[in-house]
$ cat work-v5.cif   # mmCIF, C-alpha atoms
data_run
loop_
_atom_site.label_atom_id
_atom_site.label_comp_id
_atom_site.auth_asym_id
_atom_site.auth_seq_id
_atom_site.Cartn_x
_atom_site.Cartn_y
_atom_site.Cartn_z
CA MET A 1 -17.24 -13.05 -7.99
CA ALA A 2 -17.12 -16.12 -10.17
CA LEU A 3 -17.82 -14.07 -13.29
CA ARG A 4 -14.91 -11.75 -12.58
CA GLU A 5 -12.66 -14.73 -12.12
CA LEU A 6 -13.73 -16.17 -15.42
CA SER A 7 -13.03 -12.91 -17.22
CA SER A 8 -9.64 -12.72 -15.50
CA LEU A 9 -8.98 -16.21 -16.72
CA GLU A 10 -9.92 -15.18 -20.24
CA LYS A 11 -7.43 -12.34 -20.08
CA TYR A 12 -4.76 -14.67 -18.77
CA LEU A 13 -5.40 -17.13 -21.56
CA GLY A 14 -5.32 -14.36 -24.13
CA LEU A 15 -8.76 -15.16 -25.45
CA LYS A 16 -9.72 -12.33 -27.70
CA LYS A 17 -13.48 -12.37 -27.53
CA PRO A 18 -14.80 -12.20 -23.99
CA ASN A 19 -17.76 -14.47 -23.46
CA LYS A 20 -21.05 -13.45 -22.05
CA TYR A 21 -21.91 -15.18 -18.85
CA SER A 22 -25.11 -15.40 -16.95
CA THR A 23 -25.84 -16.89 -13.59
CA GLN A 24 -28.46 -19.25 -12.36
CA GLY A 25 -29.87 -20.02 -9.00
CA ASP A 26 -29.27 -18.14 -5.79
CA LYS A 27 -25.78 -19.50 -5.51
CA LYS A 28 -25.04 -17.61 -8.70
CA VAL A 29 -23.55 -20.51 -10.54
CA PRO A 30 -22.02 -19.16 -13.74
CA VAL A 31 -23.47 -20.29 -17.04
CA LEU A 32 -21.88 -19.98 -20.43
CA GLN A 33 -24.22 -20.08 -23.35
CA ASN A 34 -22.44 -21.82 -26.15
CA ASN A 35 -23.52 -21.29 -29.72
CA ASN A 36 -22.95 -24.87 -30.77
CA GLY A 37 -24.12 -26.89 -27.87
CA PRO A 38 -25.81 -26.99 -24.53
CA PRO A 39 -24.96 -24.32 -21.99
CA LEU A 40 -22.03 -24.98 -19.69
CA VAL A 41 -22.82 -24.66 -16.04
CA GLY A 42 -20.38 -24.36 -13.22
CA LEU A 43 -17.08 -22.66 -12.54
CA GLY A 44 -14.90 -25.70 -13.04
CA THR A 45 -16.64 -26.79 -16.21
CA ILE A 46 -16.47 -23.38 -17.85
CA ALA A 47 -12.86 -22.90 -16.82
CA SER A 48 -11.83 -26.22 -18.34
CA HIS A 49 -13.69 -25.35 -21.52
CA LEU A 50 -11.93 -21.97 -21.77
CA VAL A 51 -8.57 -23.58 -21.30
CA LYS A 52 -9.21 -26.03 -24.11
CA GLU A 53 -10.48 -23.25 -26.32
CA ALA A 54 -7.27 -21.34 -25.73
CA LYS A 55 -5.33 -24.49 -26.57
CA ARG A 56 -3.51 -24.56 -23.25
CA PRO A 57 -4.36 -28.03 -22.03
CA ASN A 58 -1.26 -28.12 -19.84
CA LEU A 59 -3.08 -25.80 -17.51
CA LEU A 60 -5.28 -28.72 -16.67
CA GLY A 61 -2.34 -30.92 -15.74
CA ASP A 62 0.25 -32.73 -17.80
CA SER A 63 -0.24 -36.26 -16.56
CA ALA A 64 -3.33 -38.29 -15.84
CA GLU A 65 -2.58 -38.03 -12.17
CA SER A 66 -2.12 -34.29 -12.14
CA ARG A 67 -5.24 -33.85 -14.29
CA ALA A 68 -7.20 -35.70 -11.65
CA VAL A 69 -5.69 -33.55 -8.93
CA VAL A 70 -6.58 -30.36 -10.80
CA GLN A 71 -10.18 -31.49 -11.11
CA GLN A 72 -10.17 -32.40 -7.45
CA TRP A 73 -9.10 -28.90 -6.43
CA LEU A 74 -11.58 -27.25 -8.77
CA GLU A 75 -14.28 -29.32 -7.09
CA TYR A 76 -12.91 -28.42 -3.68
CA ARG A 77 -13.05 -24.80 -4.57
CA VAL A 78 -16.66 -24.88 -5.59
CA THR A 79 -17.95 -27.14 -2.88
CA LYS A 80 -15.91 -26.34 0.17
CA LEU A 81 -14.44 -22.91 -0.30
CA ASP A 82 -17.26 -20.88 -1.73
CA GLY A 83 -19.68 -20.03 0.99
CA CYS A 84 -17.73 -21.55 3.83
CA THR A 85 -18.15 -20.27 7.36
CA LYS A 86 -15.53 -18.77 9.61
CA GLU A 87 -15.04 -22.01 11.49
CA ASP A 88 -14.55 -23.89 8.27
CA THR A 89 -11.76 -21.59 7.16
CA LYS A 90 -9.51 -22.77 9.95
CA ALA A 91 -9.95 -26.38 8.95
CA ILE A 92 -9.48 -25.52 5.29
CA LEU A 93 -6.28 -23.61 5.95
CA LYS A 94 -4.94 -26.43 8.06
CA ASP A 95 -5.63 -28.93 5.32
CA LEU A 96 -4.06 -26.72 2.70
CA ASN A 97 -1.02 -26.05 4.83
CA LEU A 98 -0.37 -29.73 5.27
CA TYR A 99 -0.97 -30.43 1.60
CA LEU A 100 1.35 -27.70 0.43
CA GLN A 101 4.19 -28.70 2.70
CA ASP A 102 6.00 -30.61 0.01
CA LYS A 103 4.54 -29.00 -3.08
CA VAL A 104 5.36 -25.88 -4.97
CA TYR A 105 2.15 -25.93 -6.99
CA MET A 106 -1.20 -27.45 -6.17
CA ALA A 107 -1.03 -30.14 -8.83
CA GLY A 108 2.16 -31.55 -10.23
CA ASN A 109 5.21 -29.44 -10.84
CA GLN A 110 3.78 -26.61 -12.80
CA PHE A 111 1.18 -23.91 -12.67
CA THR A 112 -2.36 -25.16 -13.37
CA LEU A 113 -5.95 -24.04 -13.14
CA ALA A 114 -6.06 -25.52 -9.66
CA ASP A 115 -3.59 -22.85 -8.55
CA THR A 116 -5.57 -20.08 -10.25
CA PHE A 117 -8.90 -20.90 -8.78
CA MET A 118 -7.69 -21.82 -5.36
CA TYR A 119 -5.85 -18.49 -5.35
CA PHE A 120 -9.01 -16.61 -6.28
CA GLY A 121 -10.97 -18.52 -3.68
CA ILE A 122 -8.49 -18.16 -0.86
CA HIS A 123 -7.78 -14.47 -1.45
CA PRO A 124 -10.69 -13.17 0.65
CA ILE A 125 -9.65 -15.47 3.48
CA ILE A 126 -6.03 -14.36 3.40
CA VAL A 127 -7.12 -10.73 3.44
CA ASP A 128 -8.49 -11.24 6.92
CA LEU A 129 -5.63 -13.25 8.38
CA SER A 130 -3.43 -11.74 11.05
CA VAL A 131 0.35 -11.94 10.90
CA GLN A 132 0.49 -14.78 13.39
CA GLU A 133 -2.00 -16.79 11.46
CA LYS A 134 -0.06 -16.30 8.28
CA GLU A 135 2.97 -17.68 10.06
CA GLN A 136 0.97 -20.58 11.34
CA TYR A 137 0.00 -21.52 7.81
CA ALA A 138 3.44 -20.80 6.41
CA ASN A 139 3.11 -23.14 3.45
CA VAL A 140 -0.15 -21.55 2.36
CA ALA A 141 1.52 -18.14 2.68
CA ARG A 142 4.47 -19.22 0.60
CA TRP A 143 2.30 -20.74 -2.13
CA PHE A 144 -0.02 -17.75 -2.12
CA ASP A 145 2.81 -15.27 -2.50
CA HIS A 146 4.27 -17.36 -5.30
CA ILE A 147 1.01 -17.57 -7.22
CA GLN A 148 0.12 -13.93 -6.88
CA ARG A 149 3.41 -13.04 -8.50
CA CYS A 150 2.96 -15.36 -11.45
CA PRO A 151 2.52 -13.14 -14.45
CA GLY A 152 -1.04 -12.61 -15.56
CA VAL A 153 -2.77 -14.31 -12.68
CA ARG A 154 -3.57 -11.58 -10.26
CA HIS A 155 -5.68 -9.30 -12.45
CA HIS A 156 -8.63 -8.08 -10.50
CA LEU A 157 -7.37 -8.81 -7.02
CA PRO A 158 -5.05 -6.56 -5.00
CA PRO A 159 -1.65 -8.00 -4.05
CA LEU A 160 -1.42 -9.03 -0.43
CA VAL A 161 1.55 -8.92 1.84
CA VAL A 162 1.78 -12.46 3.01
CA LEU A 163 5.29 -13.10 4.17
CA ARG A 164 6.74 -11.88 7.40
CA ASN A 165 9.28 -9.12 7.34
CA ARG A 166 12.96 -9.74 7.60
CA ILE A 167 13.30 -8.94 11.26
CA TYR A 168 12.97 -12.64 11.86
CA THR A 169 16.06 -14.35 10.57
CA SER A 170 15.94 -17.92 9.49
CA LYS A 171 17.61 -18.78 12.78
CA HIS A 172 14.31 -18.50 14.56
CA HIS A 173 12.95 -21.74 13.15
CA MET B 20 25.07 -14.29 0.83
CA GLY B 21 25.70 -17.97 0.57
CA PHE B 22 24.28 -20.79 2.60
CA GLY B 23 27.42 -21.85 4.35
CA ASP B 24 28.60 -25.35 3.65
CA LEU B 25 25.74 -27.10 1.88
CA ARG B 26 27.29 -30.46 2.56
CA ALA B 27 27.01 -29.83 6.28
CA ALA B 28 23.86 -29.81 8.35
CA SER B 29 24.22 -26.13 9.20
CA GLY B 30 24.20 -25.09 5.55
CA LEU B 31 21.20 -27.27 4.84
CA LYS B 32 19.38 -25.70 7.75
CA VAL B 33 20.02 -22.25 6.31
CA LEU B 34 18.74 -23.46 2.95
CA ASN B 35 15.63 -24.86 4.61
CA GLY B 36 14.93 -21.62 6.38
CA PHE B 37 15.54 -19.65 3.22
CA LEU B 38 13.12 -21.82 1.27
CA SER B 39 10.41 -21.77 3.90
CA GLU B 40 8.97 -18.70 2.30
CA ARG B 41 10.23 -19.08 -1.22
CA SER B 42 9.50 -21.51 -3.96
CA TYR B 43 12.77 -20.89 -5.78
CA ILE B 44 16.25 -19.71 -4.87
CA GLU B 45 15.95 -16.54 -6.87
CA GLY B 46 12.80 -14.89 -8.12
CA TYR B 47 9.58 -16.71 -8.83
CA VAL B 48 10.52 -19.06 -11.61
CA PRO B 49 13.08 -21.85 -11.66
CA SER B 50 16.41 -20.64 -12.93
CA GLN B 51 20.09 -21.43 -13.01
CA ALA B 52 20.23 -20.21 -9.44
CA ASP B 53 18.24 -23.28 -8.44
CA VAL B 54 20.47 -25.47 -10.62
CA ALA B 55 23.59 -24.06 -8.96
CA VAL B 56 22.38 -24.83 -5.49
CA PHE B 57 20.88 -28.15 -6.57
CA ASP B 58 24.15 -29.31 -8.04
CA SER B 59 26.04 -28.44 -4.90
CA LEU B 60 23.90 -30.70 -2.75
CA SER B 61 25.18 -34.19 -2.30
CA GLY B 62 21.73 -35.72 -2.14
CA ALA B 63 18.19 -35.15 -1.04
CA PRO B 64 17.90 -33.20 2.20
CA SER B 65 16.66 -35.17 5.18
CA ALA B 66 12.96 -35.47 5.83
CA ASP B 67 12.90 -33.01 8.70
CA LEU B 68 14.00 -30.17 6.42
CA VAL B 69 10.60 -30.04 4.77
CA HIS B 70 11.11 -26.93 2.69
CA ALA B 71 14.47 -27.97 1.35
CA LEU B 72 13.04 -31.37 0.51
CA ARG B 73 10.06 -29.88 -1.29
CA TRP B 74 12.29 -27.62 -3.34
CA TYR B 75 14.65 -30.48 -4.06
CA HIS B 76 11.93 -32.73 -5.44
CA HIS B 77 10.51 -29.87 -7.46
CA ILE B 78 13.85 -29.07 -9.09
CA LEU B 79 14.46 -32.77 -9.61
CA SER B 80 11.30 -32.88 -11.70
CA TYR B 81 12.85 -30.55 -14.26
CA SER B 82 14.67 -32.94 -16.54
CA GLN B 83 16.22 -30.20 -18.67
CA ARG B 84 17.89 -28.25 -15.92
CA SER B 85 20.49 -26.73 -18.20
CA SER B 86 17.74 -25.01 -20.16
CA LEU B 87 16.43 -23.03 -17.21
CA PRO B 88 16.82 -19.28 -17.58
CA GLY B 89 19.51 -17.21 -15.94
CA VAL B 90 23.23 -17.40 -15.46
CA LYS B 91 24.91 -19.62 -12.95
CA LYS B 92 26.69 -17.56 -10.35
CA PRO B 93 29.09 -18.85 -7.72
CA LEU B 94 27.28 -20.38 -4.82
CA GLY B 95 28.18 -17.64 -2.43
CA GLN B 96 25.93 -15.26 -4.37
CA TYR B 97 22.73 -16.96 -3.32
CA GLY B 98 21.04 -17.26 -0.05
CA PRO B 99 19.85 -15.01 2.75
CA PRO B 100 21.50 -11.59 2.70
CA GLY B 101 23.83 -10.75 5.50
CA LEU B 102 25.17 -14.26 5.76
CA ALA B 103 28.97 -14.37 5.59
CA ASP B 104 30.06 -15.80 2.26
CA THR B 105 32.06 -18.77 3.35
CA THR B 106 32.44 -20.26 -0.09
CA SER B 107 34.59 -17.50 -1.52
CA GLY B 108 37.83 -19.15 -0.51
CA SER B 109 37.03 -22.68 -1.70
CA ALA B 110 37.75 -23.75 -5.24
CA PRO B 111 34.71 -25.61 -6.53
CA SER B 112 36.82 -27.62 -8.93
CA ALA B 113 38.87 -29.31 -6.23
CA PRO B 114 36.61 -30.43 -3.43
CA GLU B 115 38.68 -33.53 -2.73
CA GLU B 116 41.74 -31.57 -1.80
CA GLU B 117 39.74 -29.55 0.70
CA ASP B 118 38.47 -32.70 2.33
CA ASP B 119 42.01 -33.95 2.73
CA ASP B 120 43.06 -30.78 4.44
CA ILE B 121 40.20 -30.99 6.89
CA ASP B 122 41.07 -34.61 7.63
CA LEU B 123 44.61 -33.67 8.47
CA PHE B 124 43.51 -31.25 11.11
CA GLY B 125 40.91 -33.54 12.52
CA SER B 126 37.22 -33.07 13.21
CA ASP B 127 37.75 -30.45 15.92
CA GLU B 128 38.70 -27.89 13.26
CA GLU B 129 35.39 -28.47 11.53
CA GLU B 130 33.37 -27.92 14.64
CA ASP B 131 35.25 -24.75 15.46
CA GLU B 132 34.79 -23.63 11.90
CA GLU B 133 31.07 -24.11 12.19
CA ALA B 134 30.81 -22.25 15.44
CA GLU B 135 32.97 -19.49 13.98
CA ARG B 136 30.78 -19.35 10.94
CA LEU B 137 27.60 -19.15 12.96
CA LYS B 138 29.03 -16.32 14.99
CA GLU B 139 30.22 -14.61 11.84
CA GLU B 140 26.81 -15.07 10.24
CA ARG B 141 25.07 -13.52 13.18
CA LEU B 142 27.50 -10.64 13.36
CA ALA B 143 27.30 -10.06 9.65
CA GLN B 144 23.50 -10.12 9.75
CA TYR B 145 23.48 -7.72 12.67
CA ALA B 146 25.94 -5.39 10.98
CA ALA B 147 24.11 -5.62 7.68
CA LYS B 148 20.83 -4.81 9.37
CA LYS B 149 22.35 -1.84 11.13
CA SER B 150 24.08 -0.46 8.10
CA LYS B 151 21.70 -1.38 5.31
CA LYS B 152 18.52 0.05 6.67
CA PRO B 153 18.78 3.71 7.55
CA THR B 154 15.00 3.88 7.64
CA ILE B 155 15.02 1.96 10.90
CA ILE B 156 16.90 4.81 12.59
CA ALA B 157 14.28 6.74 14.45
CA LYS B 158 14.24 10.33 13.40
CA SER B 159 12.15 13.23 14.47
CA SER B 160 11.45 16.60 13.02
CA LEU B 161 11.53 19.42 15.55
CA LEU B 162 10.34 22.93 15.30
CA LEU B 163 12.18 25.17 17.75
CA ASP B 164 11.21 28.61 18.93
CA VAL B 165 14.19 30.68 20.00
CA LYS B 166 13.32 33.90 21.79
CA PRO B 167 15.76 36.82 22.04
CA TRP B 168 16.11 39.27 24.88
CA ASP B 169 14.64 42.27 23.15
CA ASP B 170 13.91 43.85 19.85
CA GLU B 171 17.42 45.12 19.51
CA THR B 172 18.94 41.68 19.34
CA ASP B 173 20.49 40.92 16.00
CA MET B 174 18.32 38.06 14.74
CA LYS B 175 20.65 37.21 11.92
CA GLN B 176 23.49 36.65 14.31
CA LEU B 177 21.21 34.70 16.60
CA GLU B 178 20.33 32.44 13.73
CA ALA B 179 23.98 32.05 12.77
CA LEU B 180 24.80 31.06 16.34
CA VAL B 181 21.99 28.54 16.51
CA ARG B 182 23.07 27.02 13.22
CA SER B 183 26.62 26.83 14.46
CA ILE B 184 25.57 24.19 16.94
CA SER B 185 26.54 20.94 15.36
CA MET B 186 26.05 17.48 16.78
CA GLU B 187 26.10 14.04 15.29
CA GLY B 188 22.57 13.23 14.20
CA LEU B 189 21.47 16.86 14.02
CA LEU B 190 20.53 18.55 10.78
CA TRP B 191 19.32 22.12 10.62
CA GLY B 192 16.52 22.95 8.25
CA GLN B 193 14.54 25.99 7.27
CA SER B 194 14.02 28.91 9.52
CA LYS B 195 11.84 31.98 9.68
CA LEU B 196 11.31 34.97 11.87
CA LEU B 197 7.97 35.41 13.50
CA PRO B 198 6.93 38.63 15.19
CA VAL B 199 5.84 38.16 18.80
CA GLY B 200 4.89 41.66 19.75
CA TYR B 201 6.48 44.96 20.71
CA GLY B 202 8.85 44.65 17.79
CA ILE B 203 10.36 41.49 19.16
CA GLN B 204 10.79 38.59 16.75
CA LYS B 205 11.37 34.96 17.52
CA LEU B 206 13.33 32.58 15.40
CA GLN B 207 11.46 29.50 14.34
CA ILE B 208 13.84 26.92 13.01
CA ASN B 209 13.38 23.38 11.81
CA CYS B 210 15.74 20.55 12.53
CA VAL B 211 15.83 16.82 12.01
CA ILE B 212 17.37 14.77 14.76
CA GLU B 213 18.13 11.11 15.25
CA ASP B 214 16.37 10.15 18.46
CA ASP B 215 19.20 8.00 19.71
CA LYS B 216 21.86 10.63 19.35
CA VAL B 217 20.26 13.96 20.11
CA GLY B 218 17.86 14.90 22.87
CA THR B 219 15.83 18.07 23.22
CA ASP B 220 17.39 18.95 26.54
CA MET B 221 20.85 18.72 25.00
CA LEU B 222 19.74 21.06 22.25
CA GLU B 223 18.16 23.42 24.73
CA GLU B 224 21.32 23.59 26.80
CA GLN B 225 23.43 24.39 23.81
CA ILE B 226 21.10 27.02 22.46
CA THR B 227 20.51 28.81 25.74
CA ALA B 228 24.26 28.83 26.26
CA PHE B 229 24.32 31.86 23.97
CA GLU B 230 23.12 33.92 26.89
CA ASP B 231 23.67 37.27 25.28
CA PHE B 232 21.31 36.53 22.47
CA VAL B 233 18.93 33.85 23.58
CA GLN B 234 16.43 34.35 26.31
CA SER B 235 14.76 30.97 26.03
CA MET B 236 14.04 28.09 23.72
CA ASP B 237 10.90 26.07 23.28
CA VAL B 238 10.02 23.03 21.29
CA ALA B 239 7.04 24.21 19.29
CA ALA B 240 6.46 20.94 17.46
CA PHE B 241 7.91 17.45 17.65
CA ASN B 242 6.99 14.99 14.91
CA LYS B 243 8.24 11.49 14.48
CA ILE B 244 9.41 10.66 11.01
#

$ encode --input "work-v5.cif" --output "structure tokens"
Amino acid sequence: MALRELSSLEKYLGLKKPNKYSTQGDKKVPVLQNNNGPPLVGLGTIASHLVKEAKRPNLLGDSAESRAVVQQWLEYRVTKLDGCTKEDTKAILKDLNLYLQDKVYMAGNQFTLADTFMYFGIHPIIVDLSVQEKEQYANVARWFDHIQRCPGVRHHLPPLVVLRNRIYTSKHH
Amino acid sequence: MGFGDLRAASGLKVLNGFLSERSYIEGYVPSQADVAVFDSLSGAPSADLVHALRWYHHILSYSQRSSLPGVKKPLGQYGPPGLADTTSGSAPSAPEEEDDDIDLFGSDEEEDEEAERLKEERLAQYAAKKSKKPTIIAKSSLLLDVKPWDDETDMKQLEALVRSISMEGLLWGQSKLLPVGYGIQKLQINCVIEDDKVGTDMLEEQITAFEDFVQSMDVAAFNKI
């Protein structure tokens, strides 16, 4: 799962030579063997490295604050989202919904790695959500739909119908 | 299209609802559409309109708004479809004059206007829904078996008579003759009907009215489209 995400990220960044990844441990933490230095371990670490290699540092956030937020969400993804139980998902979605209420992107005002990896991580959860639940977490739904339409992000994942159909007019709020 | 009067609470509410599932006014990147709506707002939306506020702060963060892609269209072009475009009459270059006019007539006019607009919006949405989406009209495909009296009945004329039945919501399709036995053939004909307008018993009545030719009619197959 993580390896596919990393190769999707490489495609998005336009990196020409795909890297060879291996995994370690039973949690299948991705490892990138670098020619010059020690191996890079961990999804967040490797992703940040790829972004710098592709010379797109803005994907990590354009201000110190947003950089910190991006790192925070990458951490969140690895620690809380991967391998969470069914009960956890409700709490996670609630948190996310509240967080995304006044934000268009996860960190700052532009698309960052935080959006990419949270999108990859949340996708399997959203697949299982019913229509009512998607309405309940309307902000997550809106953000999710927005991110999956950003060019070059979606790659290996199928597009999901997230937003309710137009039978409900905006009057019903 | 249009949000109604964006300086009034009703227009802002429409904007909020519109933005509850969208990040931008048009499409998935910020564009002149956002700038157009942004410029028409007199200030930040109130805190209870969370989605409008989120969008407002996001657009505010773009310092070079004039460099966003797209072409600015008049305000009435944006917004939820089906909403009556109430901005088409107003001249955007002379908002002060409009205000004066409204003052002359007093605040009652405004309230009536708003109620009118809401009614118009709802009617327009309802009409738009009804007219824009023919796929919502329930249709069914029927296969009818029309049986003649005997083998001497002229099947071609029988078919011509059946096809002559015309009703609103009824479309005749292909037909073929199937032998039943003893030289008798039955006419199997397809038709597509709109469920609301045509019923099978109506059809049956009309077909069996040709008593000289038709002995009976059956619905061989009924499929919802």

$ closest_residue --input "work-v5.cif" --among "A:Ala141, A:Ile92, A:Asp82, A:Val41" --to "Thr23 (chain A)" --atoms "all atoms listed in the file"
A:Val41

$ atom_distance --input "work-v5.cif" --atom1 "CA of Val90 (chain B)" --atom2 "CA of Asp53 (chain B)"
10.4 Å

$ atom_distance --input "work-v5.cif" --atom1 "CA of Gly25 (chain A)" --atom2 "CA of Trp73 (chain A)"
22.7 Å

$ closest_atom_pairs --input "work-v5.cif" --of "chain B" --to "chain A" --cutoff "12 Å" --atoms "only C-alpha atoms" --output "tab-separated table"
residue	atom	partner	partner_atom	distance
B:Phe22	CA	A:Ser170	CA	11.2
B:Ser29	CA	A:Lys171	CA	10.5
B:Gly30	CA	A:Ser170	CA	11.6
B:Leu31	CA	A:Ser170	CA	11.7
B:Lys32	CA	A:Ser170	CA	8.7
B:Val33	CA	A:Ser170	CA	6.7
B:Leu34	CA	A:Ser170	CA	9.0
B:Asn35	CA	A:Ser170	CA	8.5
B:Gly36	CA	A:Ser170	CA	4.9
B:Phe37	CA	A:Ser170	CA	6.5
B:Leu38	CA	A:Arg142	CA	9.1
B:Ser39	CA	A:Arg142	CA	7.3
B:Glu40	CA	A:Arg142	CA	4.8
B:Arg41	CA	A:Arg142	CA	6.0
B:Ser42	CA	A:Val104	CA	6.1
B:Tyr43	CA	A:Val104	CA	9.0
B:Glu45	CA	A:His146	CA	11.8
B:Gly46	CA	A:His146	CA	9.3
B:Tyr47	CA	A:His146	CA	6.4
B:Val48	CA	A:Cys150	CA	8.4
B:Pro49	CA	A:Gln110	CA	10.5
B:Ala66	CA	A:Asp102	CA	10.3
B:Asp67	CA	A:Asp102	CA	11.4
B:Leu68	CA	A:Asp102	CA	10.3
B:Val69	CA	A:Asp102	CA	6.6
B:His70	CA	A:Asp102	CA	6.8
B:Ala71	CA	A:Asp102	CA	9.0
B:Leu72	CA	A:Asp102	CA	7.1
B:Arg73	CA	A:Asp102	CA	4.3
B:Trp74	CA	A:Val104	CA	7.3
B:Tyr75	CA	A:Asp102	CA	9.6
B:His76	CA	A:Asp102	CA	8.3
B:His77	CA	A:Asn109	CA	6.3
B:Ile78	CA	A:Asn109	CA	8.8
B:Leu79	CA	A:Asn109	CA	9.9
B:Ser80	CA	A:Asn109	CA	7.0
B:Tyr81	CA	A:Asn109	CA	8.4
B:Ser82	CA	A:Asn109	CA	11.6
B:Gly98	CA	A:Ser170	CA	10.8
B:Pro99	CA	A:Ser170	CA	8.3
B:Pro100	CA	A:Thr169	CA	10.0
B:Gly101	CA	A:Thr169	CA	10.0
B:Leu102	CA	A:Thr169	CA	10.3
B:Leu137	CA	A:Lys171	CA	10.0
B:Lys138	CA	A:Lys171	CA	11.9
B:Glu140	CA	A:Lys171	CA	10.2
B:Arg141	CA	A:Lys171	CA	9.1
B:Gln144	CA	A:Thr169	CA	8.6
B:Tyr145	CA	A:Thr169	CA	10.2
B:Ala147	CA	A:Ile167	CA	11.9
B:Lys148	CA	A:Ile167	CA	8.8
B:Lys149	CA	A:Ile167	CA	11.5
B:Lys152	CA	A:Arg166	CA	11.3
B:Ile155	CA	A:Ile167	CA	11.0

$ residues_around --input "work-v5.cif" --residues "Ser48 (chain A)" --least-positions-apart "5" --cutoff "10 Å" --atoms "all atoms listed in the file" --output "ChimeraX atom specification"
/A:43,53-54,56-57,59-60,71,74,113

$ residues_around --input "work-v5.cif" --residues "Lys20 (chain A)" --least-positions-apart "3" --cutoff "10 Å" --atoms "only C-alpha atoms" --output "PyMOL selection string"
chain A and resi 3+7+17+31-34

$ closest_residue --input "work-v5.cif" --among "B:Ala228, B:Leu87, B:Leu25, B:Val56" --to "Ile44 (chain B)" --atoms "all atoms listed in the file"
B:Val56

$ residues_around --input "work-v5.cif" --residues "Ile212 (chain B)" --least-positions-apart "2" --cutoff "9 Å" --atoms "only C-alpha atoms" --output "list in words"
Ala157, Lys158, Ser159, Ser160, Leu161, Glu187, Gly188, Leu189, Leu190, Trp191, Cys210, Asp214, Asp215, Lys216, Val217 and Gly218 of chain B

$ residues_around --input "work-v5.cif" --residues "region 152-160 of chain A" --least-positions-apart "2" --cutoff "10 Å" --atoms "all atoms listed in the file" --output "list of chain:residue names"
A:Arg4, A:Glu5, A:Ser7, A:Ser8, A:Leu9, A:Lys11, A:Tyr12, A:Leu13, A:Gly14, A:Asp115, A:Thr116, A:Phe117, A:Tyr119, A:Phe120, A:His123, A:Pro124, A:Ile126, A:Val127, A:Phe144, A:Asp145, A:Ile147, A:Gln148, A:Arg149, A:Cys150, A:Val162, A:Leu163

$ residues_near_point --input "work-v5.cif" --point "(21.3, -16.5, -9.3)" --cutoff "7 Å" --atoms "all atoms listed in the file" --output "CSV table (one decimal) with C-alpha atoms, keeping the file's coordinate frame"
chain,number,residue,atom,x,y,z
B,45,GLU,CA,16.0,-16.5,-6.9
B,51,GLN,CA,20.1,-21.4,-13.0
B,52,ALA,CA,20.2,-20.2,-9.4
B,89,GLY,CA,19.5,-17.2,-15.9
B,90,VAL,CA,23.2,-17.4,-15.5
B,91,LYS,CA,24.9,-19.6,-13.0
B,92,LYS,CA,26.7,-17.6,-10.4
B,96,GLN,CA,25.9,-15.3,-4.4
B,97,TYR,CA,22.7,-17.0,-3.3

$ residues_around --input "work-v5.cif" --residues "Leu163 (chain B)" --least-positions-apart "6" --cutoff "6 Å" --atoms "only C-alpha atoms" --output "list in words"
Gln207, Ile208, Asp237, Val238 and Ala239 of chain B

$ atom_distance --input "work-v5.cif" --atom1 "CA of Glu139 (chain B)" --atom2 "CA of Gly23 (chain B)"
10.8 Å

$ closest_residue --input "work-v5.cif" --among "A:Met106, A:Val51, A:Leu40, A:Cys84" --to "Val69 (chain A)" --atoms "all atoms listed in the file"
A:Met106

$ residues_near_point --input "work-v5.cif" --point "(18.9, 35.5, 17.4)" --cutoff "9 Å" --atoms "all atoms listed in the file" --output "list in words"
Val165, Lys166, Pro167, Trp168, Thr172, Asp173, Met174, Lys175, Gln176, Leu177, Glu178, Ala179, Leu180, Val181, Gln204, Lys205, Leu206, Phe232 and Val233 of chain B

$ closest_residue --input "work-v5.cif" --among "A:Val78, A:Leu6, A:Lys16, A:Asn58" --to "Ile46 (chain A)" --atoms "only C-alpha atoms"
A:Leu6
